[in-house]
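Novice: Provided below: entry.tsv, containing TSV, C-alpha atoms.
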```
chain	number	residue	atom	x	y	z
Z	17	MET	CA	-65.23	-0.66	62.18
Z	18	SER	CA	-62.82	-3.18	63.58
Z	19	ALA	CA	-59.12	-2.42	63.85
Z	20	GLY	CA	-57.07	-3.42	60.90
Z	21	TYR	CA	-59.99	-3.30	58.56
Z	22	HIS	CA	-59.13	-1.10	55.61
Z	23	HIS	CA	-61.87	0.12	53.46
Z	24	GLY	CA	-60.35	1.12	50.09
Z	25	TYR	CA	-62.26	3.54	48.01
Z	26	GLN	CA	-61.09	4.14	44.47
Z	27	GLN	CA	-62.38	6.99	42.37
Z	28	PRO	CA	-63.44	5.98	38.91
Z	29	ARG	CA	-60.70	6.71	36.35
Z	30	ARG	CA	-61.34	9.52	33.99
Z	31	PRO	CA	-61.19	8.54	30.38
Z	32	MET	CA	-57.93	9.62	28.73
Z	33	PRO	CA	-58.33	12.43	26.25
Z	34	PRO	CA	-57.82	11.39	22.64
Z	35	GLN	CA	-54.22	11.77	21.59
Z	36	ARG	CA	-53.53	14.49	19.09
Z	37	PRO	CA	-51.47	13.52	16.08
Z	38	MET	CA	-47.87	14.57	16.56
Z	39	LYS	CA	-46.89	17.62	14.57
Z	40	LYS	CA	-44.17	17.12	12.06
Z	41	LYS	CA	-41.03	18.94	13.01
Z	42	ARG	CA	-40.35	21.87	10.78
Z	43	ARG	CA	-37.12	21.61	8.95
Z	44	PRO	CA	-35.87	25.09	8.08
Z	45	GLY	CA	-33.09	23.62	5.94
Z	46	ARG	CA	-35.62	21.94	3.69
Z	47	VAL	CA	-37.69	25.13	3.40
Z	48	ILE	CA	-34.61	27.14	2.43
Z	49	LEU	CA	-33.62	24.49	-0.09
Z	50	VAL	CA	-37.06	24.59	-1.70
Z	51	LEU	CA	-36.99	28.39	-1.85
Z	52	LEU	CA	-33.53	28.34	-3.41
Z	53	LEU	CA	-34.67	25.74	-5.94
Z	54	VAL	CA	-37.67	27.88	-6.87
Z	55	LEU	CA	-35.39	30.93	-7.19
Z	56	VAL	CA	-32.88	29.08	-9.37
Z	57	LEU	CA	-35.58	27.58	-11.60
Z	58	GLY	CA	-37.23	30.99	-11.89
Z	59	THR	CA	-33.95	32.64	-12.80
Z	60	VAL	CA	-33.09	29.93	-15.32
Z	61	GLY	CA	-36.57	30.17	-16.81
Z	62	PHE	CA	-36.29	33.95	-17.07
Z	63	GLY	CA	-32.82	33.52	-18.61
Z	64	PHE	CA	-34.27	31.29	-21.34
Z	65	TYR	CA	-37.00	33.87	-21.91
Z	66	VAL	CA	-34.43	36.66	-22.28
Z	67	ASP	CA	-32.39	34.46	-24.61
Z	68	SER	CA	-35.45	34.01	-26.82
Z	69	THR	CA	-35.90	37.80	-27.08
Z	70	LEU	CA	-32.32	38.66	-28.13
Z	71	THR	CA	-32.03	40.07	-31.63
Z	72	ARG	CA	-30.08	37.59	-33.75
Z	73	ILE	CA	-28.26	38.51	-36.93
Z	74	ASN	CA	-25.99	36.68	-39.36
Z	75	ALA	CA	-22.85	38.62	-38.38
Z	76	LEU	CA	-20.10	36.04	-38.99
Z	77	PRO	CA	-19.92	35.31	-42.72
Z	78	ASP	CA	-17.92	32.56	-44.36
Z	79	TYR	CA	-15.83	33.88	-47.21
Z	80	GLU	CA	-12.78	32.84	-49.17
Z	81	GLY	CA	-9.57	33.51	-47.27
Z	82	ARG	CA	-11.21	33.80	-43.84
Z	83	PRO	CA	-8.74	33.17	-40.96
Z	84	ALA	CA	-8.80	29.59	-39.69
Z	85	GLU	CA	-10.20	28.71	-36.29
Z	86	THR	CA	-7.75	29.39	-33.48
Z	87	PRO	CA	-7.49	28.41	-29.78
Z	88	GLY	CA	-9.50	30.40	-27.27
Z	89	THR	CA	-12.65	32.42	-27.93
Z	90	THR	CA	-12.67	35.85	-29.57
Z	91	TRP	CA	-15.55	38.34	-29.41
Z	92	LEU	CA	-16.16	41.47	-31.44
Z	93	LEU	CA	-17.98	43.95	-29.18
Z	94	VAL	CA	-19.67	46.81	-30.99
Z	95	GLY	CA	-21.44	49.91	-29.72
Z	96	SER	CA	-23.53	51.41	-32.50
Z	97	ASP	CA	-25.07	54.85	-32.70
Z	98	ALA	CA	-28.37	53.37	-33.87
Z	99	ARG	CA	-31.31	55.53	-32.85
Z	100	GLU	CA	-34.08	53.23	-34.03
Z	101	GLY	CA	-36.82	52.84	-31.46
Z	102	LEU	CA	-35.91	56.02	-29.55
Z	103	THR	CA	-38.60	58.67	-29.18
Z	104	GLN	CA	-37.69	62.31	-29.70
Z	105	GLU	CA	-37.89	62.76	-25.92
Z	106	GLN	CA	-35.38	59.92	-25.43
Z	107	LYS	CA	-33.07	61.36	-28.10
Z	108	ASP	CA	-33.15	64.71	-26.30
Z	109	ALA	CA	-32.51	63.11	-22.88
Z	110	LEU	CA	-29.58	61.08	-24.23
Z	111	ALA	CA	-28.23	63.92	-26.42
Z	112	THR	CA	-27.97	61.54	-29.38
Z	113	GLY	CA	-28.98	63.95	-32.12
Z	114	ASP	CA	-31.02	62.86	-35.13
Z	115	ALA	CA	-28.38	61.47	-37.49
Z	116	ALA	CA	-29.78	58.82	-39.80
Z	117	GLY	CA	-28.23	55.43	-40.45
Z	118	ARG	CA	-25.97	53.35	-38.24
Z	119	ARG	CA	-22.29	53.68	-37.46
Z	120	THR	CA	-19.99	52.08	-34.90
Z	121	ASP	CA	-19.00	54.34	-32.03
Z	122	THR	CA	-17.19	51.52	-30.22
Z	123	ILE	CA	-15.23	48.53	-31.58
Z	124	MET	CA	-13.44	46.17	-29.20
Z	125	MET	CA	-11.92	42.71	-29.48
Z	126	LEU	CA	-12.18	40.50	-26.39
Z	127	HIS	CA	-10.11	37.31	-26.39
Z	128	LEU	CA	-10.84	34.65	-23.77
Z	129	PRO	CA	-7.92	32.18	-23.75
Z	130	ASP	CA	-7.95	28.43	-23.37
Z	131	ASN	CA	-4.32	28.73	-22.27
Z	132	SER	CA	-4.26	28.82	-18.45
Z	133	ALA	CA	-1.06	30.87	-18.54
Z	134	ALA	CA	-2.78	33.71	-20.43
Z	135	LYS	CA	-5.25	36.34	-19.23
Z	136	PRO	CA	-8.26	37.62	-21.16
Z	137	VAL	CA	-7.32	40.50	-23.46
Z	138	LEU	CA	-9.55	43.48	-24.29
Z	139	VAL	CA	-8.30	45.58	-27.23
Z	140	SER	CA	-9.91	48.79	-28.47
Z	141	ILE	CA	-9.88	49.34	-32.22
Z	142	PRO	CA	-10.23	53.12	-32.74
Z	143	ARG	CA	-13.10	53.80	-35.10
Z	144	ASP	CA	-10.81	56.03	-37.21
Z	145	SER	CA	-8.35	53.15	-37.82
Z	146	TYR	CA	-7.30	53.31	-41.47
Z	147	VAL	CA	-7.73	49.80	-42.88
Z	148	ALA	CA	-8.62	47.93	-46.06
Z	149	ILE	CA	-12.37	47.37	-46.46
Z	150	PRO	CA	-13.27	44.56	-48.88
Z	151	GLU	CA	-14.42	45.95	-52.25
Z	152	ASN	CA	-14.24	49.51	-50.87
Z	153	GLY	CA	-10.55	50.36	-50.75
Z	154	ARG	CA	-8.94	51.84	-47.62
Z	155	ASN	CA	-11.03	53.86	-45.21
Z	156	LYS	CA	-11.86	54.29	-41.53
Z	157	VAL	CA	-12.88	50.99	-39.98
Z	158	ASN	CA	-16.27	52.30	-38.87
Z	159	ALA	CA	-17.12	52.97	-42.52
Z	160	ALA	CA	-17.21	49.18	-43.01
Z	161	TYR	CA	-20.37	48.99	-40.90
Z	162	ALA	CA	-21.98	51.77	-42.94
Z	163	PHE	CA	-21.05	49.96	-46.18
Z	164	GLY	CA	-22.19	46.45	-45.26
Z	165	GLY	CA	-23.38	46.18	-41.66
Z	166	PRO	CA	-22.01	43.67	-39.14
Z	167	GLN	CA	-20.83	41.19	-41.81
Z	168	MET	CA	-18.64	43.77	-43.55
Z	169	LEU	CA	-17.31	45.02	-40.21
Z	170	VAL	CA	-16.38	41.48	-39.07
Z	171	GLN	CA	-14.71	40.69	-42.40
Z	172	THR	CA	-12.77	43.98	-42.24
Z	173	VAL	CA	-11.56	43.37	-38.67
Z	174	GLU	CA	-10.59	39.77	-39.47
Z	175	GLY	CA	-8.69	40.93	-42.55
Z	176	ALA	CA	-6.85	43.67	-40.65
Z	177	THR	CA	-5.92	41.50	-37.65
Z	178	GLY	CA	-5.73	37.94	-38.95
Z	179	VAL	CA	-7.81	36.85	-35.93
Z	180	ARG	CA	-11.00	34.86	-36.48
Z	181	ILE	CA	-14.07	36.24	-34.68
Z	182	ASP	CA	-16.12	33.57	-32.86
Z	183	HIS	CA	-18.88	35.67	-31.31
Z	184	TYR	CA	-20.49	39.04	-31.97
Z	185	MET	CA	-22.36	41.44	-29.66
Z	186	GLU	CA	-23.78	44.84	-30.54
Z	187	ILE	CA	-25.66	47.34	-28.36
Z	188	GLY	CA	-27.27	50.66	-29.26
Z	189	PHE	CA	-27.52	53.99	-27.43
Z	190	GLY	CA	-30.76	53.38	-25.55
Z	191	GLY	CA	-29.90	49.88	-24.39
Z	192	PHE	CA	-26.56	50.94	-22.96
Z	193	SER	CA	-28.19	53.71	-20.93
Z	194	ASP	CA	-30.94	51.36	-19.69
Z	195	MET	CA	-28.38	48.74	-18.55
Z	196	VAL	CA	-26.52	51.34	-16.48
Z	197	ASP	CA	-29.75	52.50	-14.83
Z	198	ALA	CA	-30.80	48.89	-14.20
Z	199	VAL	CA	-27.75	48.25	-11.99
Z	200	GLY	CA	-28.29	51.50	-10.07
Z	201	GLY	CA	-25.59	53.56	-11.81
Z	202	VAL	CA	-21.84	53.02	-12.05
Z	203	ASP	CA	-19.05	54.65	-10.04
Z	204	ILE	CA	-16.26	56.30	-12.01
Z	205	CYS	CA	-13.33	58.52	-11.00
Z	206	LEU	CA	-12.21	61.41	-13.22
Z	207	ASP	CA	-8.83	63.12	-13.03
Z	208	GLU	CA	-10.23	66.22	-14.74
Z	209	PRO	CA	-13.73	67.65	-15.30
Z	210	ILE	CA	-15.42	66.88	-18.62
Z	211	LYS	CA	-17.85	69.28	-20.26
Z	212	ASP	CA	-19.26	68.41	-23.66
Z	213	PRO	CA	-22.63	69.88	-24.73
Z	214	LEU	CA	-22.68	67.61	-27.80
Z	215	ALA	CA	-22.58	64.54	-25.52
Z	216	GLY	CA	-24.88	66.15	-22.95
Z	217	ILE	CA	-22.47	65.95	-20.00
Z	218	ASP	CA	-20.92	68.35	-17.49
Z	219	LEU	CA	-19.00	66.15	-15.05
Z	220	PRO	CA	-16.75	67.43	-12.23
Z	221	ALA	CA	-13.37	65.92	-11.39
Z	222	GLY	CA	-13.34	63.22	-8.70
Z	223	CYS	CA	-15.26	60.03	-7.99
Z	224	GLN	CA	-18.99	60.01	-8.75
Z	225	GLU	CA	-21.87	57.76	-9.77
Z	226	LEU	CA	-23.01	58.09	-13.37
Z	227	ASP	CA	-26.59	57.32	-14.39
Z	228	GLY	CA	-27.51	56.02	-17.82
Z	229	PRO	CA	-27.54	59.28	-19.82
Z	230	GLN	CA	-24.35	60.51	-18.11
Z	231	ALA	CA	-22.61	57.19	-18.80
Z	232	LEU	CA	-23.60	57.32	-22.46
Z	233	GLY	CA	-22.20	60.86	-22.73
Z	234	PHE	CA	-18.99	59.77	-21.02
Z	235	VAL	CA	-18.28	56.91	-23.44
Z	236	ARG	CA	-19.23	59.03	-26.47
Z	237	THR	CA	-17.39	62.28	-25.81
Z	238	ARG	CA	-14.32	63.15	-27.86
Z	239	ALA	CA	-13.68	66.46	-26.07
Z	240	PHE	CA	-9.99	65.69	-25.54
Z	241	ALA	CA	-6.73	66.70	-27.16
Z	242	THR	CA	-6.27	63.13	-28.40
Z	243	ALA	CA	-9.97	62.76	-29.34
Z	244	ASP	CA	-10.77	59.12	-30.12
Z	245	LEU	CA	-7.63	57.72	-28.49
Z	246	GLN	CA	-8.73	59.10	-25.11
Z	247	ARG	CA	-12.32	58.10	-25.74
Z	248	VAL	CA	-11.46	54.41	-26.23
Z	249	GLN	CA	-9.62	54.46	-22.88
Z	250	ASN	CA	-12.74	55.87	-21.24
Z	251	GLN	CA	-14.88	53.22	-22.92
Z	252	ARG	CA	-12.75	50.36	-21.59
Z	253	LYS	CA	-12.61	51.94	-18.13
Z	254	PHE	CA	-16.37	52.35	-17.96
Z	255	LEU	CA	-17.30	48.97	-19.44
Z	256	SER	CA	-15.01	47.21	-16.97
Z	257	ALA	CA	-16.69	49.08	-14.10
Z	258	LEU	CA	-20.16	48.32	-15.51
Z	259	PHE	CA	-19.55	44.57	-15.87
Z	260	GLU	CA	-17.90	44.45	-12.45
Z	261	LYS	CA	-21.18	45.80	-11.05
Z	262	VAL	CA	-23.25	43.45	-13.22
Z	263	LYS	CA	-21.54	40.35	-11.77
Z	264	SER	CA	-21.61	41.62	-8.16
Z	265	PRO	CA	-23.88	39.92	-5.56
Z	266	ALA	CA	-25.60	43.30	-5.07
Z	267	THR	CA	-26.93	42.95	-8.62
Z	268	LEU	CA	-27.29	39.19	-9.11
Z	269	ALA	CA	-29.05	38.63	-5.77
Z	270	ASN	CA	-31.41	41.56	-6.23
Z	271	PRO	CA	-34.39	40.79	-8.49
Z	272	PHE	CA	-35.18	44.51	-8.67
Z	273	ARG	CA	-31.87	44.94	-10.47
Z	274	VAL	CA	-31.24	41.70	-12.32
Z	275	ILE	CA	-34.69	41.56	-13.96
Z	276	PRO	CA	-34.57	45.15	-15.34
Z	277	LEU	CA	-30.97	44.46	-16.42
Z	278	MET	CA	-31.96	41.35	-18.38
Z	279	ASN	CA	-34.95	43.17	-19.84
Z	280	ALA	CA	-32.68	46.02	-20.96
Z	281	ALA	CA	-30.30	43.53	-22.56
Z	282	SER	CA	-33.07	41.59	-24.27
Z	283	GLY	CA	-34.48	44.68	-25.92
Z	284	SER	CA	-31.25	46.23	-27.14
Z	285	VAL	CA	-28.52	43.61	-27.62
Z	286	SER	CA	-27.91	41.97	-31.00
Z	287	VAL	CA	-25.85	38.79	-31.26
Z	288	ASN	CA	-24.81	36.33	-33.94
Z	289	ASP	CA	-27.26	33.59	-34.96
Z	290	ASP	CA	-25.79	30.92	-32.67
Z	291	ASP	CA	-24.94	33.12	-29.67
Z	292	HIS	CA	-26.93	32.85	-26.43
Z	293	VAL	CA	-27.36	34.69	-23.15
Z	294	TRP	CA	-24.98	32.27	-21.41
Z	295	HIS	CA	-22.30	33.24	-23.91
Z	296	LEU	CA	-22.87	36.88	-22.94
Z	297	ALA	CA	-22.33	35.89	-19.31
Z	298	SER	CA	-18.72	34.99	-20.17
Z	299	VAL	CA	-18.19	38.57	-21.35
Z	300	ALA	CA	-19.48	39.99	-18.06
Z	301	LEU	CA	-17.40	37.57	-16.00
Z	302	ASN	CA	-14.12	38.28	-17.81
Z	303	MET	CA	-14.28	41.91	-18.90
Z	304	SER	CA	-13.05	43.51	-15.66
Z	305	ASP	CA	-10.18	41.00	-15.27
Z	306	ALA	CA	-8.78	41.44	-18.77
Z	307	THR	CA	-5.47	42.98	-19.77
Z	308	SER	CA	-6.79	46.00	-21.67
Z	309	GLY	CA	-5.43	48.58	-24.06
Z	310	THR	CA	-5.51	49.95	-27.58
Z	311	VAL	CA	-4.15	48.61	-30.85
Z	312	PRO	CA	-0.58	49.99	-31.04
Z	313	VAL	CA	-0.79	53.33	-32.87
Z	314	GLY	CA	1.86	54.57	-35.28
Z	315	SER	CA	0.55	57.95	-36.44
Z	316	THR	CA	-2.58	60.06	-36.92
Z	317	PRO	CA	-2.22	61.69	-40.35
Z	318	THR	CA	-4.84	63.41	-42.49
Z	319	VAL	CA	-5.70	61.41	-45.61
Z	320	PRO	CA	-7.50	62.93	-48.63
Z	321	GLY	CA	-11.05	61.63	-48.79
Z	322	ALA	CA	-10.96	60.16	-45.28
Z	323	GLY	CA	-9.85	63.05	-43.07
Z	324	SER	CA	-7.91	62.49	-39.85
Z	325	VAL	CA	-7.19	58.79	-39.43
Z	326	VAL	CA	-5.39	56.43	-37.06
Z	327	GLN	CA	-2.63	54.33	-38.58
Z	328	TRP	CA	-1.46	51.31	-36.58
Z	329	ASN	CA	2.13	50.55	-35.71
Z	330	LYS	CA	2.43	47.64	-38.17
Z	331	GLU	CA	5.17	45.78	-36.33
Z	332	LYS	CA	3.60	45.96	-32.86
Z	333	ALA	CA	0.04	45.40	-34.11
Z	334	SER	CA	1.22	42.31	-35.99
Z	335	GLU	CA	2.91	41.02	-32.82
Z	336	LEU	CA	-0.26	41.66	-30.77
Z	337	PHE	CA	-2.65	39.85	-33.08
Z	338	ASP	CA	-0.19	37.01	-33.64
Z	339	LEU	CA	-0.10	36.40	-29.86
Z	340	ILE	CA	-3.91	36.49	-29.69
Z	341	SER	CA	-4.34	34.09	-32.60
Z	342	LYS	CA	-1.90	31.67	-30.95
Z	343	ASP	CA	-3.63	32.02	-27.54
Z	344	GLN	CA	-0.42	33.30	-25.94
Z	345	PRO	CA	-0.08	35.83	-23.07
Z	346	VAL	CA	-0.14	39.47	-24.22
Z	347	PRO	CA	2.27	41.81	-22.39
Z	348	ALA	CA	0.37	44.79	-20.94
Z	349	GLU	CA	2.96	47.22	-22.30
Z	350	LEU	CA	2.22	46.10	-25.88
Z	351	ILE	CA	-1.26	47.59	-25.72
Z	352	ALA	CA	-0.59	50.33	-23.17
Z	353	PRO	CA	-2.40	53.60	-24.05
Z	354	PRO	CA	-0.24	56.02	-26.02
Z	355	LYS	CA	1.22	58.90	-23.97
```
As structure tokens, please, write out the structure in this file.
Specialist:
Amino acid sequence: MSAGYHHGYQQPRRPMPPQRPMKKKRRPGRVILVLLLVLVLGTVGFGFYVDSTLTRINALPDYEGRPAETPGTTWLLVGSDAREGLTQEQKDALATGDAAGRRTDTIMMLHLPDNSAAKPVLVSIPRDSYVAIPENGRNKVNAAYAFGGPQMLVQTVEGATGVRIDHYMEIGFGGFSDMVDAVGGVDICLDEPIKDPLAGIDLPAGCQELDGPQALGFVRTRAFATADLQRVQNQRKFLSALFEKVKSPATLANPFRVIPLMNAASGSVSVNDDDHVWHLASVALNMSDATSGTVPVGSTPTVPGAGSVVQWNKEKASELFDLISKDQPVPAELIAPPK
């Protein structure tokens, strides 16, 4: 081979492997967004389902002389001692007894103001309040429910207060207990122990978590020197704690709590014909932030035919309900619990 001669040898090129299609980049943000959308749609869909299962009643009658519409939104919240639908085993567990008929163990007025300078107001109306009941003379306010159901109770409360009721919610024994259990119990702090065999409770002093049956006993017991006046304080205290837990992320973000809660509500809550589950949400959102107290009390005499009753302080009660009807701020001291 002569110098300078270069023999180039080239290996044959290997064919290039076929190119694989490029994988699409995963976008975790989009996945999360889709999951959140599914969750929201599922929750909204379940909310509409629950709304369709609420018991609706004609609770807000039109009648001659009814108070005119006023600013803000006013609810009448009623806890009844209805035992319909409870088995004997449930009655025993909840210590409800076997009394027939329906009465109102709890009556509260919740006013949600339009006035930005005013806070929500939650006022207990003691069930022994001595008031005029249409076509039935004067009697304890809870007798109105026994005489004519929700319509008679609403008309009686409107007549006694001069405040027009816009929405109505009622819950029975079993539903209240189920709602407490659905949120995993409610924490409450007691200054003194409470023992009441009739309400089925024996609670020590101090902070503790109450389950459904214990909570029902706590809001029902009258084992106090001031009987119903102390009980309505306990009812407000517990309901505020319950609704604070209902609106907490620990409940709303947990399907194992929010679904049983909505199921409990759907099976036990009665509302007016045009009320919906989203109206009930406003109660939960505002209950714990409300200025709360009791209708100003004047005296607790014994009246022939009615027994021991609660008579309101006419001047202060008139001032309270006038402020509510005008959507004005209510001073906390006006509805402070009696000492």
Novice: Could you list, as a PyMOL selection string, every residue within 10 Å of Thr71 in chain Z, counting all atoms listed in the file and ignoring same-chain residues fewer than 3 positions away?
Specialist: chain Z and resi 67-68+185-186+281-289
Novice: Skip Leu169 in chain Z itself and residues of its chain fewer than 2 positions away, then list as number ranges by chain all residues within 10 Å of it, counting all atoms listed in the file.
Specialist: Z: 75-76, 92, 94, 120, 123, 149-150, 157-167, 171-175
Novice: Could you list, as a list in words, every residue within 6 Å of range 321-329 of chain Z, counting all atoms listed in the file and ignoring same-chain residues fewer than 3 positions away?
Specialist: Asp144, Ser145, Tyr146, Pro312, Val313, Gly314, Ser315, Thr316, Pro317, Thr318, Lys332 and Ala333 of chain Z
Novice: How would the residues just picked look written out with C-alpha atoms as a compact mmCIF listing (two decimals), keeping the file's coordinate frame?
Specialist:
```
# COMPACT_ATOMS: atom_id res chain seq x y z
CA ASP Z 144 -10.81 56.03 -37.21
CA SER Z 145 -8.35 53.15 -37.82
CA TYR Z 146 -7.30 53.31 -41.47
CA PRO Z 312 -0.58 49.99 -31.04
CA VAL Z 313 -0.79 53.33 -32.87
CA GLY Z 314 1.86 54.57 -35.28
CA SER Z 315 0.55 57.95 -36.44
CA THR Z 316 -2.58 60.06 -36.92
CA PRO Z 317 -2.22 61.69 -40.35
CA THR Z 318 -4.84 63.41 -42.49
CA LYS Z 332 3.60 45.96 -32.86
CA ALA Z 333 0.04 45.40 -34.11
```
Novice: Just want the 6 Å neighbourhood of range 189-196 of chain Z, counted on all atoms listed in the file, with same-chain residues fewer than 3 positions away dropped. Output as a list of chain:residue names.
Specialist: Z:Asp97, Z:Val199, Z:Gly201, Z:Gly228, Z:Pro229, Z:Leu277, Z:Ala280, Z:Ser284
Novice: Hey, can you check how far CA of Ile217 in chain Z sits from CA of Val262 in chain Z?
Specialist: 23.5 Å
Novice: What separation in Å, quoted to one decimal, exists between CA of Ala300 in chain Z and CA of Phe259 in chain Z?
Specialist: 5.1 Å
Novice: Between Z:Ser304, Z:Leu339, Z:Tyr79, Z:Thr310, which residue has the minimum interatomic distance to Gln249 in chain Z, considering all atoms listed in the file?
Specialist: Z:Thr310
Novice: Can you pull out every residue within 8 Å of Gly222 in chain Z, counting all atoms listed in the file, but drop anything in the same chain fewer than 5 positions away, and send it as a list in words?
Specialist: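 Once the adjacent positions are removed, what remains is Cys205, Leu206, Asp207, Glu208 and Pro209 of chain Z.
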Novice: The centre and edge lengths of an axis-aligned box containing all atoms of range 291-305 of chain Z present in the file, extended by 8 Å on each side, are to be given in Å to one decimal, as JSON.
Specialist:
```
{"center_x": -18.8, "center_y": 37.9, "center_z": -22.5, "size_x": 33.2, "size_y": 27.2, "size_z": 30.4}
```
Novice: May I ask for the distance between CA of Phe337 in chain Z and CA of Leu350 in chain Z, given in Å to one decimal place?
Specialist: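 Computing it gives 10.7 Å between the two atoms.
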Novice: Considering only C-alpha atoms, state which residue in the set Z:Leu226, Z:Val235, Z:Ala243, Z:Val311 is at the smallest distance from Ser334 in chain Z.
Specialist: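 Among the listed residues, Z:Val311 lies closest to Ser334 in chain Z.
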Novice: Which residue out of Z:Pro265, Z:Pro83, Z:Gly216, Z:Pro136 has the minimum interatomic distance to Ala176 in chain Z when only C-alpha atoms are used?
Specialist: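 Checking each candidate against Ala176 in chain Z, we get Z:Pro83 as the closest.
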Novice: Within 9 Å of (-0.6, 33.1, -26.5), all atoms listed in the file: residues as an NGL selection string?
Specialist: :Z and (87 or 129 or 131 or 133-134 or 338-346)
Novice: Pick from Z:Gly188, Z:Gly200, Z:Pro353, Z:Pro347: nearest to Asn270 in chain Z, with all atoms listed in the file counted?
Specialist: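 Comparing Z:Gly188, Z:Gly200, Z:Pro353, Z:Pro347 against Asn270 in chain Z, the winner is Z:Gly200.
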Novice: Z:Val202, Z:Pro213, Z:Pro77, Z:Asp182: which is nearest Thr267 in chain Z, counting all atoms listed in the file?
Specialist: Z:Val202
Novice: Find, counting only C-alpha atoms, the residue in Z:Thr89, Z:Ala198, Z:His292, Z:Ala239 that gets nearest to Ala266 in chain Z.
Specialist: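 Of the candidates, the smallest distance to Ala266 in chain Z is held by Z:Ala198.
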